[in-house]
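**Student:** Structure file my_file_15.csv, CSV, C-alpha atoms and all ligand atoms, is pasted below:
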chain,number,residue,atom,x,y,z
W,747,MET,CA,-68.4,-17.4,-23.0
W,748,ILE,CA,-66.9,-18.2,-19.7
W,749,ASN,CA,-64.8,-15.5,-18.0
W,750,ARG,CA,-62.5,-17.5,-15.8
W,751,TYR,CA,-61.5,-15.8,-12.6
W,752,LYS,CA,-57.8,-14.8,-12.7
W,753,THR,CA,-56.1,-16.9,-10.0
W,754,LYS,CA,-52.5,-17.3,-8.9
W,755,LYS,CA,-50.7,-20.2,-10.7
W,756,ILE,CA,-49.2,-22.8,-8.5
W,757,PHE,CA,-47.6,-26.1,-9.3
W,758,VAL,CA,-48.4,-29.6,-7.9
W,759,GLY,CA,-45.5,-31.4,-9.3
W,760,ASN,CA,-45.5,-30.7,-13.0
W,761,VAL,CA,-49.2,-29.9,-13.1
W,762,ALA,CA,-50.0,-26.2,-13.1
W,763,ILE,CA,-53.2,-25.1,-11.2
W,764,GLY,CA,-54.7,-21.7,-11.6
W,765,GLY,CA,-53.9,-18.9,-13.9
W,766,ASP,CA,-54.3,-20.0,-17.5
W,767,ALA,CA,-53.6,-23.7,-16.7
W,768,PRO,CA,-56.2,-26.2,-17.8
W,769,ILE,CA,-58.6,-27.3,-15.1
W,770,SER,CA,-57.2,-30.5,-13.7
W,771,VAL,CA,-59.1,-33.5,-12.5
W,772,GLN,CA,-58.0,-35.4,-9.5
W,773,SER,CA,-59.0,-38.3,-7.3
W,774,MET,CA,-58.0,-40.1,-4.2
W,775,THR,CA,-57.0,-43.7,-3.5
W,776,TYR,CA,-59.0,-45.7,-1.0
W,777,THR,CA,-56.3,-48.3,-0.2
W,778,LYS,CA,-54.4,-48.2,3.1
W,779,THR,CA,-51.5,-46.1,1.9
W,780,SER,CA,-49.2,-48.3,3.9
W,781,ASP,CA,-50.2,-51.1,1.5
W,782,ILE,CA,-47.8,-49.9,-1.1
W,783,GLU,CA,-48.5,-52.4,-3.8
W,784,ALA,CA,-52.3,-51.9,-3.7
W,785,THR,CA,-51.9,-48.1,-3.6
W,786,ILE,CA,-49.6,-48.0,-6.6
W,787,GLU,CA,-52.1,-50.2,-8.4
W,788,GLN,CA,-54.9,-47.8,-7.7
W,789,ILE,CA,-52.8,-44.8,-8.8
W,790,LYS,CA,-52.1,-46.7,-12.0
W,791,GLN,CA,-55.8,-47.2,-12.6
W,792,LEU,CA,-56.5,-43.5,-12.0
W,793,HIS,CA,-53.6,-42.5,-14.3
W,794,PHE,CA,-55.0,-44.7,-17.0
W,795,ALA,CA,-58.5,-43.2,-16.5
W,796,GLY,CA,-57.0,-39.7,-17.1
W,797,ALA,CA,-56.4,-38.4,-13.6
W,798,ASP,CA,-54.0,-35.4,-13.5
W,799,ILE,CA,-53.2,-35.6,-9.7
W,800,VAL,CA,-53.8,-38.3,-7.0
W,801,ARG,CA,-54.3,-37.7,-3.3
W,802,VAL,CA,-53.5,-40.3,-0.7
W,803,ALA,CA,-54.5,-40.4,3.0
W,804,VAL,CA,-51.6,-40.3,5.5
W,805,PRO,CA,-53.1,-41.2,8.8
W,806,ASP,CA,-50.0,-42.7,10.4
W,807,MET,CA,-46.2,-43.0,10.1
W,808,GLU,CA,-46.4,-46.3,8.3
W,809,ALA,CA,-48.4,-44.5,5.6
W,810,ALA,CA,-45.9,-41.6,5.6
W,811,ASN,CA,-43.0,-44.0,5.2
W,812,ALA,CA,-44.7,-45.7,2.3
W,813,LEU,CA,-44.9,-42.4,0.2
W,814,LYS,CA,-41.3,-42.6,-1.1
W,815,THR,CA,-41.8,-46.0,-2.8
W,816,ILE,CA,-45.2,-44.9,-4.0
W,817,LYS,CA,-43.7,-41.7,-5.5
W,818,GLU,CA,-41.0,-43.7,-7.2
W,819,ASN,CA,-43.6,-45.8,-9.0
W,820,THR,CA,-45.7,-43.1,-10.6
W,821,THR,CA,-45.3,-40.0,-12.7
W,822,LEU,CA,-48.5,-38.5,-11.4
W,823,PRO,CA,-48.2,-35.8,-8.8
W,824,ILE,CA,-49.1,-37.0,-5.3
W,825,VAL,CA,-50.9,-34.9,-2.6
W,826,ALA,CA,-50.6,-36.1,1.0
W,827,ASP,CA,-53.8,-35.7,3.0
W,828,ILE,CA,-52.9,-35.0,6.6
W,829,HIS,CA,-54.9,-34.1,9.7
W,830,PHE,CA,-53.6,-32.9,13.1
W,831,ASN,CA,-50.1,-34.7,13.2
W,832,TYR,CA,-47.4,-32.3,12.0
W,833,LYS,CA,-44.8,-35.1,12.0
W,834,LEU,CA,-46.7,-36.9,9.3
W,835,ALA,CA,-46.7,-33.6,7.3
W,836,LEU,CA,-42.9,-33.2,7.7
W,837,LYS,CA,-42.3,-36.8,6.6
W,838,ALA,CA,-44.6,-36.5,3.6
W,839,ALA,CA,-43.1,-33.2,2.6
W,840,GLU,CA,-39.8,-35.0,1.9
W,841,VAL,CA,-41.3,-36.7,-1.2
W,842,VAL,CA,-44.8,-35.7,-2.2
W,843,ASP,CA,-45.9,-32.8,-4.4
W,844,CYS,CA,-48.5,-31.1,-2.2
W,845,ILE,CA,-49.7,-31.2,1.3
W,846,ARG,CA,-53.3,-30.9,2.3
W,847,PHE,CA,-53.6,-29.8,5.9
W,848,ASN,CA,-55.4,-27.1,7.8
W,849,PRO,CA,-53.1,-25.1,10.0
W,850,GLY,CA,-56.0,-24.4,12.3
W,851,ASN,CA,-56.0,-28.1,13.3
W,852,ILE,CA,-52.5,-27.9,14.7
W,853,SER,CA,-52.4,-25.9,17.9
W,854,ASP,CA,-48.6,-25.3,18.1
W,855,LYS,CA,-47.6,-22.4,15.8
W,856,ASN,CA,-44.0,-23.6,15.8
W,857,LYS,CA,-45.1,-26.9,14.3
W,858,ILE,CA,-46.9,-25.2,11.6
W,859,LYS,CA,-43.8,-23.1,10.9
W,860,GLU,CA,-41.8,-26.3,10.6
W,861,ILE,CA,-44.3,-27.7,8.0
W,862,ILE,CA,-44.2,-24.5,6.0
W,863,HIS,CA,-40.4,-24.4,6.1
W,864,ALA,CA,-40.3,-28.0,4.8
W,865,CYS,CA,-42.8,-27.1,2.0
W,866,LYS,CA,-40.8,-24.0,1.0
W,867,GLN,CA,-37.6,-26.1,0.8
W,868,ARG,CA,-39.2,-28.2,-2.0
W,869,ASN,CA,-41.6,-25.5,-3.4
W,870,LEU,CA,-44.6,-27.6,-2.3
W,871,PRO,CA,-48.0,-25.9,-2.3
W,872,VAL,CA,-50.5,-26.4,0.5
W,873,ARG,CA,-54.2,-27.1,0.1
W,874,VAL,CA,-56.4,-25.5,2.7
W,875,GLY,CA,-59.2,-28.0,2.7
W,876,VAL,CA,-62.3,-26.8,4.5
W,877,ASN,CA,-65.0,-29.4,5.1
W,878,CYS,CA,-68.3,-28.3,6.4
W,879,GLY,CA,-68.6,-31.4,8.6
W,880,SER,CA,-65.4,-30.7,10.4
W,881,LEU,CA,-65.2,-27.0,10.9
W,882,GLU,CA,-63.0,-25.7,13.7
W,883,LYS,CA,-65.1,-25.4,16.9
W,884,GLN,CA,-65.0,-21.6,17.0
W,885,PHE,CA,-66.5,-21.4,13.5
W,886,GLU,CA,-69.1,-24.1,14.0
W,887,ASP,CA,-70.2,-22.5,17.3
W,888,LYS,CA,-70.5,-19.1,15.8
W,889,TYR,CA,-71.9,-19.8,12.3
W,890,GLY,CA,-73.0,-23.4,12.4
W,891,GLN,CA,-72.2,-25.6,9.4
W,892,THR,CA,-72.9,-22.8,7.0
W,893,PRO,CA,-71.2,-21.3,3.9
W,894,LYS,CA,-70.2,-18.3,6.1
W,895,GLY,CA,-68.6,-20.7,8.6
W,896,MET,CA,-66.7,-22.4,5.8
W,897,VAL,CA,-65.5,-19.1,4.4
W,898,GLU,CA,-64.4,-17.8,7.8
W,899,SER,CA,-62.5,-21.1,8.4
W,900,ALA,CA,-60.7,-20.8,5.1
W,901,LEU,CA,-59.8,-17.2,5.7
W,902,TYR,CA,-58.4,-18.1,9.1
W,903,ASN,CA,-56.3,-20.9,7.7
W,904,ILE,CA,-55.1,-18.9,4.8
W,905,LYS,CA,-54.0,-16.1,7.2
W,906,TYR,CA,-52.0,-18.6,9.2
W,907,LEU,CA,-50.0,-19.4,6.1
W,908,GLU,CA,-49.8,-15.8,4.8
W,909,ASP,CA,-48.4,-14.7,8.2
W,910,LEU,CA,-45.6,-17.2,7.5
W,911,ASP,CA,-45.0,-15.5,4.1
W,912,PHE,CA,-46.4,-18.6,2.4
W,913,THR,CA,-48.8,-18.1,-0.6
W,914,ASP,CA,-48.5,-21.3,-2.6
W,915,ILE,CA,-52.0,-22.1,-1.6
W,916,LYS,CA,-55.1,-23.7,-3.1
W,917,VAL,CA,-58.4,-23.8,-1.3
W,918,SER,CA,-61.4,-26.1,-1.2
W,919,LEU,CA,-64.7,-25.5,0.6
W,920,LYS,CA,-66.7,-28.7,0.5
W,921,ALA,CA,-70.1,-29.4,1.9
W,922,SER,CA,-72.1,-32.6,1.2
W,923,ASP,CA,-74.9,-30.6,-0.6
W,924,VAL,CA,-75.0,-28.5,-3.6
W,925,GLN,CA,-76.3,-25.2,-2.3
W,926,ARG,CA,-73.8,-24.7,0.6
W,927,THR,CA,-70.9,-25.8,-1.6
W,928,VAL,CA,-71.8,-23.3,-4.3
W,929,GLU,CA,-72.5,-20.5,-1.9
W,930,ALA,CA,-69.3,-20.9,0.0
W,931,TYR,CA,-67.1,-20.9,-3.2
W,932,ARG,CA,-69.0,-17.9,-4.5
W,933,MET,CA,-68.6,-16.0,-1.2
W,934,LEU,CA,-64.9,-16.6,-0.9
W,935,ARG,CA,-64.0,-16.0,-4.6
W,936,PRO,CA,-63.8,-12.2,-4.5
W,937,LEU,CA,-61.8,-12.2,-1.3
W,938,ASN,CA,-58.5,-13.6,-2.7
W,939,ASN,CA,-56.9,-14.9,-5.9
W,940,TYR,CA,-55.8,-18.4,-4.7
W,941,PRO,CA,-56.8,-21.2,-7.1
W,942,PHE,CA,-59.8,-23.2,-6.0
W,943,HIS,CA,-60.1,-27.0,-5.8
W,944,LEU,CA,-63.8,-27.7,-6.4
W,945,GLY,CA,-65.8,-30.6,-5.0
W,946,VAL,CA,-69.0,-31.7,-3.3
W,947,THR,CA,-67.8,-33.9,-0.5
W,948,GLU,CA,-69.4,-37.2,0.4
W,949,ALA,CA,-71.6,-36.8,-2.6
W,950,GLY,CA,-73.0,-40.3,-2.4
W,951,THR,CA,-73.5,-43.0,-5.0
W,952,GLN,CA,-72.4,-42.8,-8.6
W,953,PHE,CA,-75.9,-41.6,-9.7
W,954,HIS,CA,-76.3,-38.9,-7.0
W,955,SER,CA,-72.7,-37.9,-7.0
W,956,THR,CA,-72.8,-37.3,-10.7
W,957,ILE,CA,-75.9,-35.2,-10.4
W,958,LYS,CA,-74.7,-33.2,-7.4
W,959,SER,CA,-71.3,-32.6,-8.8
W,960,SER,CA,-72.6,-31.7,-12.2
W,961,ILE,CA,-74.9,-29.0,-10.7
W,962,ALA,CA,-72.4,-27.6,-8.2
W,963,LEU,CA,-69.3,-27.8,-10.2
W,964,GLY,CA,-71.1,-26.9,-13.4
W,965,SER,CA,-72.6,-23.8,-11.8
W,966,LEU,CA,-69.2,-22.7,-10.5
W,967,LEU,CA,-67.3,-23.5,-13.6
W,968,LEU,CA,-69.8,-21.5,-15.7
W,969,ASP,CA,-69.2,-18.6,-13.3
W,970,GLY,CA,-65.5,-18.8,-14.1
W,971,ILE,CA,-64.7,-20.3,-10.6
W,972,GLY,CA,-62.5,-23.4,-10.3
W,973,ASP,CA,-59.0,-24.5,-11.1
W,974,THR,CA,-58.9,-28.2,-10.2
W,975,MET,CA,-61.6,-30.6,-9.1
W,976,ARG,CA,-62.4,-33.9,-7.5
W,977,ILE,CA,-65.7,-35.8,-7.9
W,978,SER,CA,-66.4,-37.6,-4.6
W,979,MET,CA,-68.2,-40.8,-5.3
W,980,THR,CA,-69.1,-44.0,-3.5
W,981,GLY,CA,-68.4,-46.2,-6.4
W,982,GLU,CA,-65.9,-47.3,-9.0
W,983,LEU,CA,-62.7,-45.3,-8.7
W,984,GLU,CA,-62.2,-44.5,-12.3
W,985,LYS,CA,-65.8,-43.1,-12.5
W,986,GLU,CA,-64.7,-40.1,-10.6
W,987,ILE,CA,-62.3,-39.2,-13.3
W,988,GLU,CA,-64.8,-40.0,-16.1
W,989,VAL,CA,-67.5,-37.8,-14.6
W,990,GLY,CA,-65.0,-35.0,-13.8
W,991,ARG,CA,-63.8,-34.9,-17.4
W,992,ALA,CA,-67.4,-35.2,-18.7
W,993,ILE,CA,-68.4,-32.2,-16.7
W,994,LEU,CA,-65.5,-30.2,-18.2
W,995,LYS,CA,-66.4,-31.4,-21.6
W,996,ASP,CA,-70.2,-30.9,-21.4
W,997,ALA,CA,-69.7,-27.5,-19.9
W,998,GLY,CA,-67.7,-26.7,-23.0
W,999,ILE,CA,-64.5,-26.1,-21.1
W,1000,ILE,CA,-62.4,-28.8,-22.7
W,1001,LYS,CA,-62.7,-30.3,-26.2
W,1002,GLU,CA,-62.0,-34.0,-26.0
W,1003,GLY,CA,-63.4,-37.0,-27.8
W,1004,LEU,CA,-66.9,-37.3,-29.3
W,1005,ASN,CA,-69.8,-35.1,-28.4
W,1006,ILE,CA,-72.6,-37.4,-29.3
W,1007,ILE,CA,-75.9,-35.8,-30.1
W,1008,SER,CA,-78.7,-38.4,-29.9
W,1009,CYS,CA,-82.4,-38.0,-29.6
W,1010,PRO,CA,-84.5,-39.4,-26.7
W,1011,THR,CA,-86.5,-41.5,-29.2
W,1012,CYS,CA,-90.3,-41.4,-29.6
W,1013,GLY,CA,-93.1,-43.1,-31.5
W,1014,ARG,CA,-91.5,-42.1,-34.8
W,1015,ILE,CA,-88.3,-44.2,-34.1
W,1016,GLU,CA,-87.0,-46.2,-37.1
W,1017,ALA,CA,-84.2,-48.2,-35.5
W,1018,ASP,CA,-82.9,-49.5,-32.2
W,1019,LEU,CA,-81.3,-46.2,-31.3
W,1020,VAL,CA,-80.4,-47.1,-27.7
W,1021,SER,CA,-78.2,-50.0,-28.8
W,1022,ALA,CA,-76.8,-48.0,-31.7
W,1023,VAL,CA,-75.7,-45.1,-29.5
W,1024,ALA,CA,-74.3,-47.5,-26.9
W,1025,GLU,CA,-72.2,-49.1,-29.7
W,1026,VAL,CA,-71.0,-45.7,-31.0
W,1027,GLU,CA,-70.0,-44.7,-27.4
W,1028,LYS,CA,-68.1,-48.0,-26.9
W,1029,ALA,CA,-66.5,-48.1,-30.3
W,1030,THR,CA,-65.2,-44.5,-30.2
W,1031,ALA,CA,-64.1,-44.3,-26.5
W,1032,HIS,CA,-60.5,-44.3,-27.7
W,1033,ILE,CA,-60.9,-41.2,-29.8
W,1034,LYS,CA,-59.5,-38.0,-28.2
W,1035,THR,CA,-60.0,-35.8,-31.2
W,1036,PRO,CA,-63.0,-33.5,-30.5
W,1037,LEU,CA,-65.8,-34.3,-33.0
W,1038,ASN,CA,-69.5,-33.6,-33.0
W,1039,VAL,CA,-71.5,-36.6,-34.2
W,1040,SER,CA,-75.2,-37.0,-34.4
W,1041,VAL,CA,-77.2,-40.2,-34.2
W,1042,MET,CA,-80.9,-39.6,-34.7
W,1043,GLY,CA,-83.9,-42.0,-34.7
W,1044,CYS,CA,-85.8,-40.5,-37.7
W,1045,VAL,CA,-85.4,-37.8,-40.2
W,1046,VAL,CA,-87.6,-35.2,-38.3
W,1047,ASN,CA,-84.7,-33.5,-36.6
W,1048,ALA,CA,-81.8,-35.5,-38.0
W,1049,ILE,CA,-81.1,-33.3,-41.0
W,1050,GLY,CA,-81.1,-30.1,-38.8
W,1051,GLU,CA,-78.7,-31.7,-36.2
W,1052,ALA,CA,-76.5,-33.1,-39.0
W,1053,LYS,CA,-75.7,-29.6,-40.2
W,1054,SER,CA,-73.5,-28.9,-37.2
W,1055,ALA,CA,-72.2,-32.5,-36.9
W,1056,ASP,CA,-68.9,-33.8,-38.4
W,1057,VAL,CA,-70.6,-37.1,-39.1
W,1058,ALA,CA,-74.3,-38.1,-38.7
W,1059,ILE,CA,-76.7,-40.9,-39.1
W,1060,ALA,CA,-80.3,-40.2,-39.9
W,1061,TYR,CA,-82.3,-43.4,-39.6
W,1062,GLY,CA,-85.3,-43.9,-41.9
W,1063,LYS,CA,-87.7,-46.7,-42.8
W,1064,GLY,CA,-85.5,-49.7,-43.6
W,1065,SER,CA,-82.6,-47.5,-44.6
W,1066,GLY,CA,-80.9,-44.3,-43.6
W,1067,LEU,CA,-78.4,-41.6,-44.5
W,1068,ILE,CA,-74.8,-41.0,-43.7
W,1069,ILE,CA,-74.2,-37.2,-43.5
W,1070,LYS,CA,-70.9,-35.4,-43.3
W,1071,LYS,CA,-70.7,-31.7,-42.5
W,1072,GLY,CA,-74.4,-31.4,-43.5
W,1073,GLU,CA,-73.9,-33.2,-46.9
W,1074,VAL,CA,-75.5,-36.6,-47.5
W,1075,ILE,CA,-72.8,-38.9,-48.7
W,1076,GLU,CA,-74.6,-42.2,-48.8
W,1077,LYS,CA,-77.9,-43.9,-48.4
W,1078,LEU,CA,-77.6,-47.5,-47.0
W,1079,PRO,CA,-79.9,-50.2,-45.6
W,1080,THR,CA,-80.3,-49.8,-41.8
W,1081,GLU,CA,-78.0,-52.8,-40.9
W,1082,LYS,CA,-75.1,-51.3,-42.8
W,1083,LEU,CA,-75.4,-47.7,-41.4
W,1084,LEU,CA,-73.5,-48.1,-38.2
W,1085,GLU,CA,-70.4,-49.7,-39.6
W,1086,ARG,CA,-70.2,-47.1,-42.3
W,1087,PHE,CA,-70.8,-44.3,-39.8
W,1088,LEU,CA,-68.0,-45.6,-37.6
W,1089,GLU,CA,-65.6,-45.7,-40.6
W,1090,GLU,CA,-66.3,-42.1,-41.3
W,1091,VAL,CA,-65.8,-41.1,-37.7
W,1092,GLU,CA,-62.4,-42.8,-37.6
W,1093,LYS,CA,-61.5,-41.0,-40.8
W,1094,GLU,CA,-62.5,-37.6,-39.4
W,1095,ALA,CA,-60.7,-38.3,-36.1
W,1096,LYS,CA,-57.4,-39.1,-38.0
W,1097,LEU,CA,-57.8,-36.1,-40.3
W,1098,HIS,CA,-58.1,-33.7,-37.3
W,1099,SER,CA,-55.8,-35.4,-34.8
K,1,LIG,S1,-85.5,-37.6,-34.0
K,1,LIG,FE1,-87.3,-38.7,-34.6
K,1,LIG,S2,-87.3,-40.5,-33.3
K,1,LIG,FE2,-85.9,-39.1,-32.4
K,1,LIG,S3,-87.2,-38.0,-30.8
K,1,LIG,FE3,-87.1,-36.8,-32.7
K,1,LIG,S4,-88.9,-37.3,-33.8
K,1,LIG,FE4,-88.6,-39.0,-32.3
Turn this file's structure into structure tokens for me.
Ligand code: SF4
**Tutor:**
Amino acid sequence: MINRYKTKKIFVGNVAIGGDAPISVQSMTYTKTSDIEATIEQIKQLHFAGADIVRVAVPDMEAANALKTIKENTTLPIVADIHFNYKLALKAAEVVDCIRFNPGNISDKNKIKEIIHACKQRNLPVRVGVNCGSLEKQFEDKYGQTPKGMVESALYNIKYLEDLDFTDIKVSLKASDVQRTVEAYRMLRPLNNYPFHLGVTEAGTQFHSTIKSSIALGSLLLDGIGDTMRISMTGELEKEIEVGRAILKDAGIIKEGLNIISCPTCGRIEADLVSAVAEVEKATAHIKTPLNVSVMGCVVNAIGEAKSADVAIAYGKGSGLIIKKGEVIEKLPTEKLLERFLEEVEKEAKLHS
């Protein structure tokens, strides 16, 4: 049982973050934001993949000016990612749903005041996004690139905002490795109740990012820490969303689609299980109804696993069983099992949708 930390609820557009809101999954486009058409296309891809929120980089005024058209072409909330230049933040605040900037990076307090005033006008939240690789000099000099340095930076930036009577804040504390990331979030969590945006930054290739993010975000989520998340990945854009949702699903936080129980196979295998499971995954990708299914290579553990599955296959020698809720409903030749199994899965999905 996960005891989720009670955080303040804020809104990024129509998506609630924190409090009792579902943990959202977000990503970031990698087009030049000033290339409006390409950016809209990537946002559409992310939307289709299941993103709740999309962030775009705003490095110059051309990008800031593009935000209006981009916003008009999507229903997803847009976060503008801004460093150093307060004018870009002011321009972005006219149209986007959240600003990511660190007040500590803007030296003139009056300029920060202007940004916060603009955010207040439109009820926009701010993400304080601490990155271990770009800590403010005073924190890096004192603490190095450590969790303590990240937490001190976050507290410093949060205080900037609180002193301006601004508390629609979410916070991220990202390092490029699992241990510092987890330690930083755990250290900051008891010190305030702002919602946390989780992520391991620059986590690498699809393979390594999936592993690092699963360990770090999985650990934090099981601790009850985390309100929204982004998987950082050098790879296909949609994979970030797929992995993010899979982490939530496999941590037992959301119930969505099929939970496929399949064995690793061994010398007792009675069918081409690898192909069979791949086919099940592909054929059922559209199903959103939460179902437990089990596809096992022989009867040794199949009957036991089938007891807790909505639909199961137990392969045997030349034939196998279709099992529903622990009851054998049919024995069929091996080549007919998969088709019959998928029929039953569809039926169950409809029944419970
Ligand atoms: S279910 Fe059968 S084939 Fe699969 S790993 Fe277990 S014993 Fe081996």
**Student:** Write as a PyMOL selection string the residues around ligand LIG 1 (chain K), taking 7 Å as the cut-off and counting only C-alpha atoms and all ligand atoms.
**Tutor:** chain W and resi 1009-1016+1042-1048
**Student:** Find the distance between atom CA of W:Gly764 and atom CA of W:Ser899 and write it in Å to one decimal.
**Tutor:** 21.5 Å
**Student:** So that I can check the surroundings of W:Asp798, please list as a ChimeraX atom specification every protein, DNA and RNA residue that reaches within 7 Å of it, counting only C-alpha atoms and ignoring chain neighbours fewer than 2 positions away.
**Tutor:** /W:770-772,796,822
**Student:** Looking at W:Ala992, W:Ala839, W:Asn877, W:Ala809, which one is nearest to W:Gly964, with distances taken over only C-alpha atoms?
**Tutor:**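 Checking each of W:Ala992, W:Ala839, W:Asn877, W:Ala809 against W:Gly964, counting only C-alpha atoms, the winner is W:Ala992.
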**Student:** May I ask which of the residues W:Gly1072, W:Gly890, W:Gly1062, W:Gly895 is the closest one to W:Ile1049, counting all atoms listed in the file?
**Tutor:** W:Gly1072
**Student:** I need the residue nearest W:Thr1030 from this list: W:Asp923, W:Glu1002, W:Glu808, W:Asp854. Use all atoms listed in the file for the distance.
**Tutor:**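 Closest to W:Thr1030 of all the choices is W:Glu1002.
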**Student:** Determine, counting all atoms listed in the file, which protein, DNA and RNA residues have an atom within 9 Å of an atom of W:Val1041; residues of the same chain fewer than 2 positions away are not included. Present the result as a VMD selection string.
**Tutor:** chain W and resid 1006 to 1009 1019 1022 to 1023 1026 1039 1043 1048 1051 to 1052 1057 to 1061
**Student:** Can you pull out the residues contacting W:Glu1085? Cut-off 12 Å, using all atoms listed in the file, and skip same-chain residues under 4 positions away; I want them as a list of chain:residue names.
**Tutor:** W:Ala1022, W:Glu1025, W:Val1026, W:Ala1029, W:Thr1030, W:Ile1059, W:Ile1068, W:Leu1078, W:Pro1079, W:Thr1080, W:Glu1081, W:Glu1089, W:Glu1090, W:Val1091, W:Glu1092
**Student:** Once you have the residues from the selection above, write them out as a PDB file, keeping the file's coordinate frame, restricted to C-alpha atoms.
**Tutor:**
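The resulting out28.pdb:
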ATOM      1  CA  ALA W1022     -76.800 -48.000 -31.700  1.00  0.00           C
ATOM      2  CA  GLU W1025     -72.200 -49.100 -29.700  1.00  0.00           C
ATOM      3  CA  VAL W1026     -71.000 -45.700 -31.000  1.00  0.00           C
ATOM      4  CA  ALA W1029     -66.500 -48.100 -30.300  1.00  0.00           C
ATOM      5  CA  THR W1030     -65.200 -44.500 -30.200  1.00  0.00           C
ATOM      6  CA  ILE W1059     -76.700 -40.900 -39.100  1.00  0.00           C
ATOM      7  CA  ILE W1068     -74.800 -41.000 -43.700  1.00  0.00           C
ATOM      8  CA  LEU W1078     -77.600 -47.500 -47.000  1.00  0.00           C
ATOM      9  CA  PRO W1079     -79.900 -50.200 -45.600  1.00  0.00           C
ATOM     10  CA  THR W1080     -80.300 -49.800 -41.800  1.00  0.00           C
ATOM     11  CA  GLU W1081     -78.000 -52.800 -40.900  1.00  0.00           C
ATOM     12  CA  GLU W1089     -65.600 -45.700 -40.600  1.00  0.00           C
ATOM     13  CA  GLU W1090     -66.300 -42.100 -41.300  1.00  0.00           C
ATOM     14  CA  VAL W1091     -65.800 -41.100 -37.700  1.00  0.00           C
ATOM     15  CA  GLU W1092     -62.400 -42.800 -37.600  1.00  0.00           C
TER      16      GLU W1092
END
**Student:** Rounded to one decimal in Å, what is the spacing between atom CA of W:Gln952 and atom CA of W:Lys894?
**Tutor:**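 According to the coordinates, atom CA of W:Gln952 and atom CA of W:Lys894 are separated by 28.7 Å.
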**Student:** What is the distance between atom CA of W:Val946 and atom CA of W:Asp969, in Å to one decimal?
**Tutor:**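 So the answer is 16.5 Å.
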**Student:** Counting only C-alpha atoms, note down every residue that has an atom within 10 Å of the point (-71.0, -38.3, -14.8) (file coordinates), as a PyMOL selection string.
**Tutor:** chain W and resi 952-960+977+985-993+996
**Student:** Find the residue from W:Val917, W:Val800, W:Ile1069, W:Leu836 that sits nearest to W:Ile756; use only C-alpha atoms when measuring.
**Tutor:**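 Selected residue with least distance to W:Ile756: W:Val917.
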**Student:** Reconstruct N, CA and C atoms of stretch 1034-1047 of chain W; output as a PDB file, in the frame of the given file.
**Tutor:**
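Dumped everything to rebuild-v9.pdb:
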ATOM      1  N   LYS W1034     -59.684 -39.253 -29.036  1.00  0.00           N
ATOM      2  CA  LYS W1034     -59.500 -38.000 -28.200  1.00  0.00           C
ATOM      3  C   LYS W1034     -59.783 -36.782 -29.038  1.00  0.00           C
ATOM      4  N   THR W1035     -59.751 -36.922 -30.367  1.00  0.00           N
ATOM      5  CA  THR W1035     -60.000 -35.800 -31.200  1.00  0.00           C
ATOM      6  C   THR W1035     -61.436 -35.258 -30.983  1.00  0.00           C
ATOM      7  N   PRO W1036     -61.610 -33.957 -30.756  1.00  0.00           N
ATOM      8  CA  PRO W1036     -63.000 -33.500 -30.500  1.00  0.00           C
ATOM      9  C   PRO W1036     -63.791 -33.497 -31.829  1.00  0.00           C
ATOM     10  N   LEU W1037     -64.890 -34.237 -31.804  1.00  0.00           N
ATOM     11  CA  LEU W1037     -65.800 -34.300 -33.000  1.00  0.00           C
ATOM     12  C   LEU W1037     -67.223 -34.229 -32.502  1.00  0.00           C
ATOM     13  N   ASN W1038     -68.036 -33.595 -33.304  1.00  0.00           N
ATOM     14  CA  ASN W1038     -69.500 -33.600 -33.000  1.00  0.00           C
ATOM     15  C   ASN W1038     -70.091 -34.676 -33.937  1.00  0.00           C
ATOM     16  N   VAL W1039     -70.813 -35.610 -33.357  1.00  0.00           N
ATOM     17  CA  VAL W1039     -71.500 -36.600 -34.200  1.00  0.00           C
ATOM     18  C   VAL W1039     -72.971 -36.622 -33.752  1.00  0.00           C
ATOM     19  N   SER W1040     -73.813 -36.968 -34.696  1.00  0.00           N
ATOM     20  CA  SER W1040     -75.200 -37.000 -34.400  1.00  0.00           C
ATOM     21  C   SER W1040     -75.826 -38.333 -34.831  1.00  0.00           C
ATOM     22  N   VAL W1041     -76.598 -38.957 -33.941  1.00  0.00           N
ATOM     23  CA  VAL W1041     -77.200 -40.200 -34.200  1.00  0.00           C
ATOM     24  C   VAL W1041     -78.697 -40.097 -33.895  1.00  0.00           C
ATOM     25  N   MET W1042     -79.528 -39.966 -34.915  1.00  0.00           N
ATOM     26  CA  MET W1042     -80.900 -39.600 -34.700  1.00  0.00           C
ATOM     27  C   MET W1042     -81.875 -40.675 -35.211  1.00  0.00           C
ATOM     28  N   GLY W1043     -82.977 -40.864 -34.477  1.00  0.00           N
ATOM     29  CA  GLY W1043     -83.900 -42.000 -34.700  1.00  0.00           C
ATOM     30  C   GLY W1043     -84.774 -41.871 -35.922  1.00  0.00           C
ATOM     31  N   CYS W1044     -84.951 -40.679 -36.475  1.00  0.00           N
ATOM     32  CA  CYS W1044     -85.800 -40.500 -37.700  1.00  0.00           C
ATOM     33  C   CYS W1044     -85.349 -39.210 -38.343  1.00  0.00           C
ATOM     34  N   VAL W1045     -85.927 -38.927 -39.469  1.00  0.00           N
ATOM     35  CA  VAL W1045     -85.400 -37.800 -40.200  1.00  0.00           C
ATOM     36  C   VAL W1045     -85.968 -36.415 -39.678  1.00  0.00           C
ATOM     37  N   VAL W1046     -86.935 -36.476 -38.752  1.00  0.00           N
ATOM     38  CA  VAL W1046     -87.600 -35.200 -38.300  1.00  0.00           C
ATOM     39  C   VAL W1046     -86.560 -34.146 -37.930  1.00  0.00           C
ATOM     40  N   ASN W1047     -85.675 -34.502 -36.979  1.00  0.00           N
ATOM     41  CA  ASN W1047     -84.700 -33.500 -36.600  1.00  0.00           C
ATOM     42  C   ASN W1047     -83.261 -33.854 -37.035  1.00  0.00           C
TER      43      ASN W1047
END
